[in-house]
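Contents: one structure, followed by commentary.
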Amino acid sequence: MRLHTREWGTGDRVAVLVHGLMADHRTWHELVPVLTGKGYRVLAVDLRGHGASGRGAYAPRLFAQDLLDTLPHGPELALGHSLGALALTLAVPELRPGRAVYSEPAWRLGGPDGTLDPAVFTLFKRAPRLLIKSLRPHWGERRVAAELAALDAWDETSASALSAYRAADHTPEEPLVPSLVQAAEPSTLVSGDMCAELARRGFEVRTVPDATHAIHRDSFDAFLGSLSGWL
């Protein structure tokens, strides 16, 4: 499936951005001007079932194949958050970015102990007020509206379908390209033991204290600081 994609900038270098569950390309609104200011042409997709992209079956391999069907191979930088990081990981062997950043990767959809059910996120679709309460209190109406618009456009059956994969472990054995793993501290998906193991496997691992799962959304300055040397 070819995904709906937004593009910014005219630089010679290409950066691709892949959002997480419930979001769409708008989640990167703070990062885009930083990247274009560094000379990147930025491409941000809407995953299948999200934003303006098509609907269909949902499985990790399908999310990854969509990236391969849509994005130019060999971008200088590829960054994925949560489900987007999972899809990016599975696409990397063919996509071959120069560098990959995995922010709070959902390599284990059920979390470190397998008890997290992706289907629980359908509650936000049914009760958007829960999402509003979780957003930063200083957010303006425009930003909250954008988050709610992304939620409204999201096909919540994607979360239910991913329940079937919550026991699967997609953690890569090694980084195929120079790779950074960014984890909130504490994290519901990337435990301290997992961070240590990833470092042993050759990933660079950086933690962001007192951050939420959506580090880029809720703690942007800290998110950007932890990407020092990778952009």
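Naming scheme: A, B, ... for chains in displayed order of the structure tokens; residues 1 onward per chain; ligands 1 onward as shown.
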
- Message: To test your reading of the structure, identify every residue in segment 32-210 of chain A that backbone DSSP assigns to helix (DSSP H, G or I), and report it as number ranges by chain.
- Response: A: 32-37, 60-70, 83-95, 118-126, 128-134, 141-153, 157-165, 192-201

- Please provide the set of residues having any atom within 10 Å of Gly74 of chain A, restricted to only C-alpha atoms, with same-chain residues fewer than 3 positions apart removed, written as a PyMOL selection string. chain A and resi 14-15+71+77-78+92+94-99

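In this structure, atom CA of Gly56 of chain A sits 12.0 Å away from atom CA of Leu3 of chain A.
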
- Residue among A:Val205, A:Ala145, A:Val45, A:Leu123 lying closest to Asp193 of chain A, counting only C-alpha atoms: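 Smallest distance to Asp193 of chain A is found for A:Val205.
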
With a cut-off of 9 Å, could you pull out the residues of segment 85-133 of chain A touching segment 163-187 of chain A and give me the nearest pair of atoms for each, distance in Å to one decimal, using only C-alpha atoms, ordered by chain and ascending number, as JSON lines?
{"residue": "A:Leu86", "atom": "CA", "partner": "A:His170", "partner_atom": "CA", "distance": 7.4}
{"residue": "A:Thr89", "atom": "CA", "partner": "A:Pro172", "partner_atom": "CA", "distance": 7.5}
{"residue": "A:Leu90", "atom": "CA", "partner": "A:His170", "partner_atom": "CA", "distance": 8.2}
{"residue": "A:Val92", "atom": "CA", "partner": "A:Leu176", "partner_atom": "CA", "distance": 7.4}
{"residue": "A:Pro93", "atom": "CA", "partner": "A:Leu176", "partner_atom": "CA", "distance": 7.0}
{"residue": "A:Arg96", "atom": "CA", "partner": "A:Val177", "partner_atom": "CA", "distance": 7.2}
{"residue": "A:Pro97", "atom": "CA", "partner": "A:Val177", "partner_atom": "CA", "distance": 7.1}
{"residue": "A:Gly98", "atom": "CA", "partner": "A:Val177", "partner_atom": "CA", "distance": 6.5}
{"residue": "A:Arg99", "atom": "CA", "partner": "A:Pro178", "partner_atom": "CA", "distance": 5.1}
{"residue": "A:Ala100", "atom": "CA", "partner": "A:Ser179", "partner_atom": "CA", "distance": 4.8}
{"residue": "A:Val101", "atom": "CA", "partner": "A:Leu180", "partner_atom": "CA", "distance": 4.8}
{"residue": "A:Tyr102", "atom": "CA", "partner": "A:Val181", "partner_atom": "CA", "distance": 4.8}
{"residue": "A:Ser103", "atom": "CA", "partner": "A:Gln182", "partner_atom": "CA", "distance": 4.6}
{"residue": "A:Glu104", "atom": "CA", "partner": "A:Ala183", "partner_atom": "CA", "distance": 5.0}
{"residue": "A:Pro105", "atom": "CA", "partner": "A:Val181", "partner_atom": "CA", "distance": 7.6}
{"residue": "A:Ala106", "atom": "CA", "partner": "A:His170", "partner_atom": "CA", "distance": 8.4}
{"residue": "A:Trp107", "atom": "CA", "partner": "A:His170", "partner_atom": "CA", "distance": 4.8}
{"residue": "A:Arg108", "atom": "CA", "partner": "A:Asp169", "partner_atom": "CA", "distance": 5.0}
{"residue": "A:Leu109", "atom": "CA", "partner": "A:Arg166", "partner_atom": "CA", "distance": 4.5}
{"residue": "A:Gly110", "atom": "CA", "partner": "A:Arg166", "partner_atom": "CA", "distance": 4.3}
{"residue": "A:Gly111", "atom": "CA", "partner": "A:Arg166", "partner_atom": "CA", "distance": 7.8}
{"residue": "A:Asp113", "atom": "CA", "partner": "A:Ala167", "partner_atom": "CA", "distance": 8.9}
{"residue": "A:Gly114", "atom": "CA", "partner": "A:Ala167", "partner_atom": "CA", "distance": 5.8}
{"residue": "A:Thr115", "atom": "CA", "partner": "A:Arg166", "partner_atom": "CA", "distance": 8.2}
{"residue": "A:Leu116", "atom": "CA", "partner": "A:Arg166", "partner_atom": "CA", "distance": 7.5}
{"residue": "A:Asp117", "atom": "CA", "partner": "A:Ser163", "partner_atom": "CA", "distance": 5.8}
{"residue": "A:Pro118", "atom": "CA", "partner": "A:Ser163", "partner_atom": "CA", "distance": 5.5}
{"residue": "A:Ala119", "atom": "CA", "partner": "A:Ser163", "partner_atom": "CA", "distance": 6.1}

Any chance you could export the current selection's N, CA, C and O atoms as a compact mmCIF listing (two decimals), in the first residue's frame?
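Below is the file result-v6.txt, written as the result:
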# COMPACT_ATOMS: atom_id res chain seq x y z
N LEU A 86 8.67 -0.07 15.21
CA LEU A 86 8.56 -1.49 14.87
C LEU A 86 8.52 -1.68 13.36
O LEU A 86 9.26 -2.50 12.79
N THR A 89 11.92 -0.94 11.83
CA THR A 89 12.89 -2.02 12.08
C THR A 89 12.75 -3.13 11.05
O THR A 89 13.74 -3.62 10.51
N LEU A 90 11.51 -3.51 10.77
CA LEU A 90 11.28 -4.60 9.82
C LEU A 90 11.57 -4.18 8.39
O LEU A 90 11.84 -5.03 7.53
N VAL A 92 14.06 -1.90 7.60
CA VAL A 92 15.45 -1.46 7.48
C VAL A 92 16.32 -2.35 6.59
O VAL A 92 17.16 -1.84 5.84
N PRO A 93 16.16 -3.69 6.62
CA PRO A 93 17.02 -4.49 5.75
C PRO A 93 16.95 -4.10 4.28
O PRO A 93 17.95 -4.22 3.56
N ARG A 96 17.43 0.50 4.16
CA ARG A 96 18.83 0.85 4.33
C ARG A 96 19.09 2.35 4.53
O ARG A 96 19.79 2.99 3.75
N PRO A 97 18.53 2.92 5.59
CA PRO A 97 18.87 4.32 5.89
C PRO A 97 20.31 4.44 6.35
O PRO A 97 20.91 3.45 6.81
N GLY A 98 20.86 5.65 6.24
CA GLY A 98 22.20 5.86 6.76
C GLY A 98 22.26 5.72 8.27
O GLY A 98 23.24 5.19 8.81
N ARG A 99 21.20 6.19 8.95
CA ARG A 99 21.08 6.09 10.40
C ARG A 99 19.62 5.85 10.74
O ARG A 99 18.72 6.35 10.05
N ALA A 100 19.39 5.11 11.82
CA ALA A 100 18.03 4.85 12.27
C ALA A 100 17.89 5.23 13.73
O ALA A 100 18.79 4.97 14.55
N VAL A 101 16.78 5.88 14.04
CA VAL A 101 16.46 6.23 15.43
C VAL A 101 15.13 5.58 15.78
O VAL A 101 14.12 5.78 15.09
N TYR A 102 15.14 4.80 16.85
CA TYR A 102 13.93 4.12 17.32
C TYR A 102 13.53 4.73 18.65
O TYR A 102 14.18 4.50 19.67
N SER A 103 12.48 5.52 18.64
CA SER A 103 12.01 6.19 19.85
C SER A 103 10.92 5.36 20.50
O SER A 103 9.86 5.12 19.90
N GLU A 104 11.19 4.87 21.71
CA GLU A 104 10.24 4.02 22.44
C GLU A 104 9.69 2.92 21.52
O GLU A 104 8.48 2.82 21.30
N PRO A 105 10.58 2.09 20.97
CA PRO A 105 10.13 1.10 19.98
C PRO A 105 9.20 0.05 20.57
O PRO A 105 9.45 -0.48 21.66
N ALA A 106 8.13 -0.27 19.84
CA ALA A 106 7.17 -1.30 20.26
C ALA A 106 7.59 -2.65 19.69
O ALA A 106 6.81 -3.33 19.04
N TRP A 107 8.85 -3.03 19.95
CA TRP A 107 9.33 -4.30 19.45
C TRP A 107 8.63 -5.46 20.16
O TRP A 107 8.51 -6.54 19.61
N ARG A 108 8.20 -5.21 21.38
CA ARG A 108 7.34 -6.16 22.10
C ARG A 108 6.03 -5.44 22.36
O ARG A 108 5.91 -4.67 23.31
N LEU A 109 5.06 -5.68 21.51
CA LEU A 109 3.79 -4.95 21.60
C LEU A 109 3.11 -5.15 22.94
O LEU A 109 2.36 -4.29 23.40
N GLY A 110 3.38 -6.27 23.57
CA GLY A 110 2.79 -6.54 24.88
C GLY A 110 3.61 -6.02 26.04
O GLY A 110 3.27 -6.28 27.19
N GLY A 111 4.68 -5.27 25.74
CA GLY A 111 5.54 -4.78 26.80
C GLY A 111 6.52 -5.84 27.26
O GLY A 111 6.46 -7.00 26.81
N ASP A 113 6.76 -7.69 29.82
CA ASP A 113 6.20 -8.90 30.41
C ASP A 113 5.02 -9.45 29.64
O ASP A 113 4.37 -10.41 30.07
N GLY A 114 4.68 -8.85 28.52
CA GLY A 114 3.62 -9.37 27.66
C GLY A 114 2.21 -9.09 28.12
O GLY A 114 1.25 -9.62 27.55
N THR A 115 2.03 -8.24 29.11
CA THR A 115 0.70 -8.01 29.68
C THR A 115 -0.04 -6.82 29.06
O THR A 115 -1.22 -6.63 29.30
N LEU A 116 0.67 -6.01 28.26
CA LEU A 116 0.02 -4.86 27.64
C LEU A 116 -0.72 -5.30 26.39
O LEU A 116 -0.13 -5.93 25.50
N ASP A 117 -2.01 -5.00 26.31
CA ASP A 117 -2.82 -5.37 25.15
C ASP A 117 -3.04 -4.13 24.30
O ASP A 117 -3.66 -3.16 24.76
N PRO A 118 -2.54 -4.10 23.05
CA PRO A 118 -2.74 -2.92 22.20
C PRO A 118 -4.20 -2.53 22.05
O PRO A 118 -4.51 -1.36 21.82
N ALA A 119 -5.11 -3.48 22.21
CA ALA A 119 -6.53 -3.18 22.05
C ALA A 119 -7.03 -2.17 23.07
O ALA A 119 -8.06 -1.52 22.85

- Query: Between atom CA of Pro75 of chain A and atom CA of Arg217 of chain A, what is the spacing in Å?
  - Reply: 23.4 Å

- Task: Would you please extract all strand (DSSP E) residues from segment 15-204 of chain A, as assigned by DSSP on the backbone, and give them as a list in words?
- Result: Ala15, Val16, Leu17, Val18, Tyr40, Arg41, Val42, Leu43, Ala44, Val45, Leu77, Ala78, Leu79, Gly80, His81, Arg99, Ala100, Val101, Tyr102, Ser103, Ser179, Leu180, Val181, Gln182, Ala183, Ala184, Glu185 and Glu204 of chain A

Resulting file, chosen residues, N, CA, C and O atoms, as a CSV table (one decimal), in the first residue's frame:
chain,number,residue,atom,x,y,z
A,15,ALA,N,15.2,12.8,5.2
A,15,ALA,CA,14.8,12.2,6.5
A,15,ALA,C,13.4,11.7,6.4
A,15,ALA,O,12.5,12.4,5.9
A,16,VAL,N,13.2,10.5,6.9
A,16,VAL,CA,11.8,9.9,6.9
A,16,VAL,C,11.4,9.7,8.4
A,16,VAL,O,12.1,9.3,9.2
A,17,LEU,N,10.1,10.1,8.6
A,17,LEU,CA,9.5,10.0,9.9
A,17,LEU,C,8.3,9.1,9.9
A,17,LEU,O,7.4,9.2,9.1
A,18,VAL,N,8.2,8.2,10.9
A,18,VAL,CA,7.1,7.3,11.0
A,18,VAL,C,6.5,7.3,12.4
A,18,VAL,O,7.2,7.0,13.4
A,40,TYR,N,17.6,19.0,5.5
A,40,TYR,CA,16.9,17.8,5.1
A,40,TYR,C,15.6,18.1,4.3
A,40,TYR,O,14.9,19.1,4.5
A,41,ARG,N,15.3,17.2,3.3
A,41,ARG,CA,14.0,17.1,2.8
A,41,ARG,C,13.3,16.1,3.6
A,41,ARG,O,13.8,14.9,3.8
A,42,VAL,N,12.2,16.4,4.2
A,42,VAL,CA,11.5,15.6,5.2
A,42,VAL,C,10.3,14.9,4.7
A,42,VAL,O,9.4,15.6,4.1
A,43,LEU,N,10.2,13.6,4.8
A,43,LEU,CA,9.0,12.9,4.4
A,43,LEU,C,8.4,12.2,5.6
A,43,LEU,O,9.1,11.5,6.3
A,44,ALA,N,7.1,12.5,5.9
A,44,ALA,CA,6.4,11.9,7.0
A,44,ALA,C,5.2,11.2,6.5
A,44,ALA,O,4.3,11.8,5.9
A,45,VAL,N,5.1,9.9,6.8
A,45,VAL,CA,3.9,9.1,6.3
A,45,VAL,C,2.8,9.1,7.3
A,45,VAL,O,3.0,9.4,8.5
A,77,LEU,N,18.4,9.6,7.1
A,77,LEU,CA,17.9,9.4,8.5
A,77,LEU,C,16.5,8.9,8.4
A,77,LEU,O,15.7,9.3,7.6
A,78,ALA,N,16.3,7.9,9.3
A,78,ALA,CA,14.9,7.3,9.4
A,78,ALA,C,14.6,7.3,10.9
A,78,ALA,O,15.4,6.8,11.7
A,79,LEU,N,13.5,7.8,11.3
A,79,LEU,CA,13.1,7.9,12.7
A,79,LEU,C,11.7,7.4,12.9
A,79,LEU,O,10.8,7.8,12.2
A,80,GLY,N,11.5,6.5,13.8
A,80,GLY,CA,10.2,5.9,14.0
A,80,GLY,C,9.9,5.9,15.5
A,80,GLY,O,10.8,5.7,16.4
A,81,HIS,N,8.6,6.1,15.8
A,81,HIS,CA,8.1,6.1,17.2
A,81,HIS,C,7.2,5.0,17.4
A,81,HIS,O,6.2,4.8,16.7
A,99,ARG,N,21.2,6.2,8.9
A,99,ARG,CA,21.1,6.1,10.4
A,99,ARG,C,19.6,5.8,10.7
A,99,ARG,O,18.7,6.3,10.0
A,100,ALA,N,19.4,5.1,11.8
A,100,ALA,CA,18.0,4.8,12.3
A,100,ALA,C,17.9,5.2,13.7
A,100,ALA,O,18.8,5.0,14.5
A,101,VAL,N,16.8,5.9,14.0
A,101,VAL,CA,16.5,6.2,15.4
A,101,VAL,C,15.1,5.6,15.8
A,101,VAL,O,14.1,5.8,15.1
A,102,TYR,N,15.1,4.8,16.9
A,102,TYR,CA,13.9,4.1,17.3
A,102,TYR,C,13.5,4.7,18.7
A,102,TYR,O,14.2,4.5,19.7
A,103,SER,N,12.5,5.5,18.6
A,103,SER,CA,12.0,6.2,19.8
A,103,SER,C,10.9,5.4,20.5
A,103,SER,O,9.9,5.1,19.9
A,179,SER,N,22.4,2.8,14.8
A,179,SER,CA,21.1,2.9,15.3
A,179,SER,C,21.1,3.4,16.8
A,179,SER,O,21.9,2.9,17.6
A,180,LEU,N,20.1,4.3,17.0
A,180,LEU,CA,19.9,4.8,18.4
A,180,LEU,C,18.6,4.4,18.9
A,180,LEU,O,17.6,4.5,18.1
A,181,VAL,N,18.5,3.9,20.1
A,181,VAL,CA,17.3,3.6,20.8
A,181,VAL,C,17.1,4.6,21.8
A,181,VAL,O,17.9,4.8,22.7
A,182,GLN,N,15.9,5.3,21.8
A,182,GLN,CA,15.6,6.3,22.7
A,182,GLN,C,14.4,5.8,23.6
A,182,GLN,O,13.4,5.4,23.1
A,183,ALA,N,14.7,5.8,24.9
A,183,ALA,CA,13.7,5.3,25.9
A,183,ALA,C,13.3,6.3,26.9
A,183,ALA,O,14.2,7.0,27.4
A,184,ALA,N,12.0,6.3,27.2
A,184,ALA,CA,11.6,7.1,28.4
A,184,ALA,C,12.0,6.4,29.6
A,184,ALA,O,12.3,5.2,29.6
A,185,GLU,N,12.1,7.2,30.7
A,185,GLU,CA,12.5,6.6,32.0
A,185,GLU,C,11.6,7.1,33.1
A,185,GLU,O,11.7,8.3,33.4
A,204,GLU,N,23.2,2.1,20.3
A,204,GLU,CA,23.4,3.2,21.2
A,204,GLU,C,22.0,3.4,21.9
A,204,GLU,O,21.0,3.5,21.2

- Kindly indicate which residue among A:Ala23, A:Val190, A:Met1, A:Val34 lies nearest to Leu148 of chain A, using only C-alpha atoms for the distances.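 Selected residue with least distance to Leu148 of chain A: A:Ala23.
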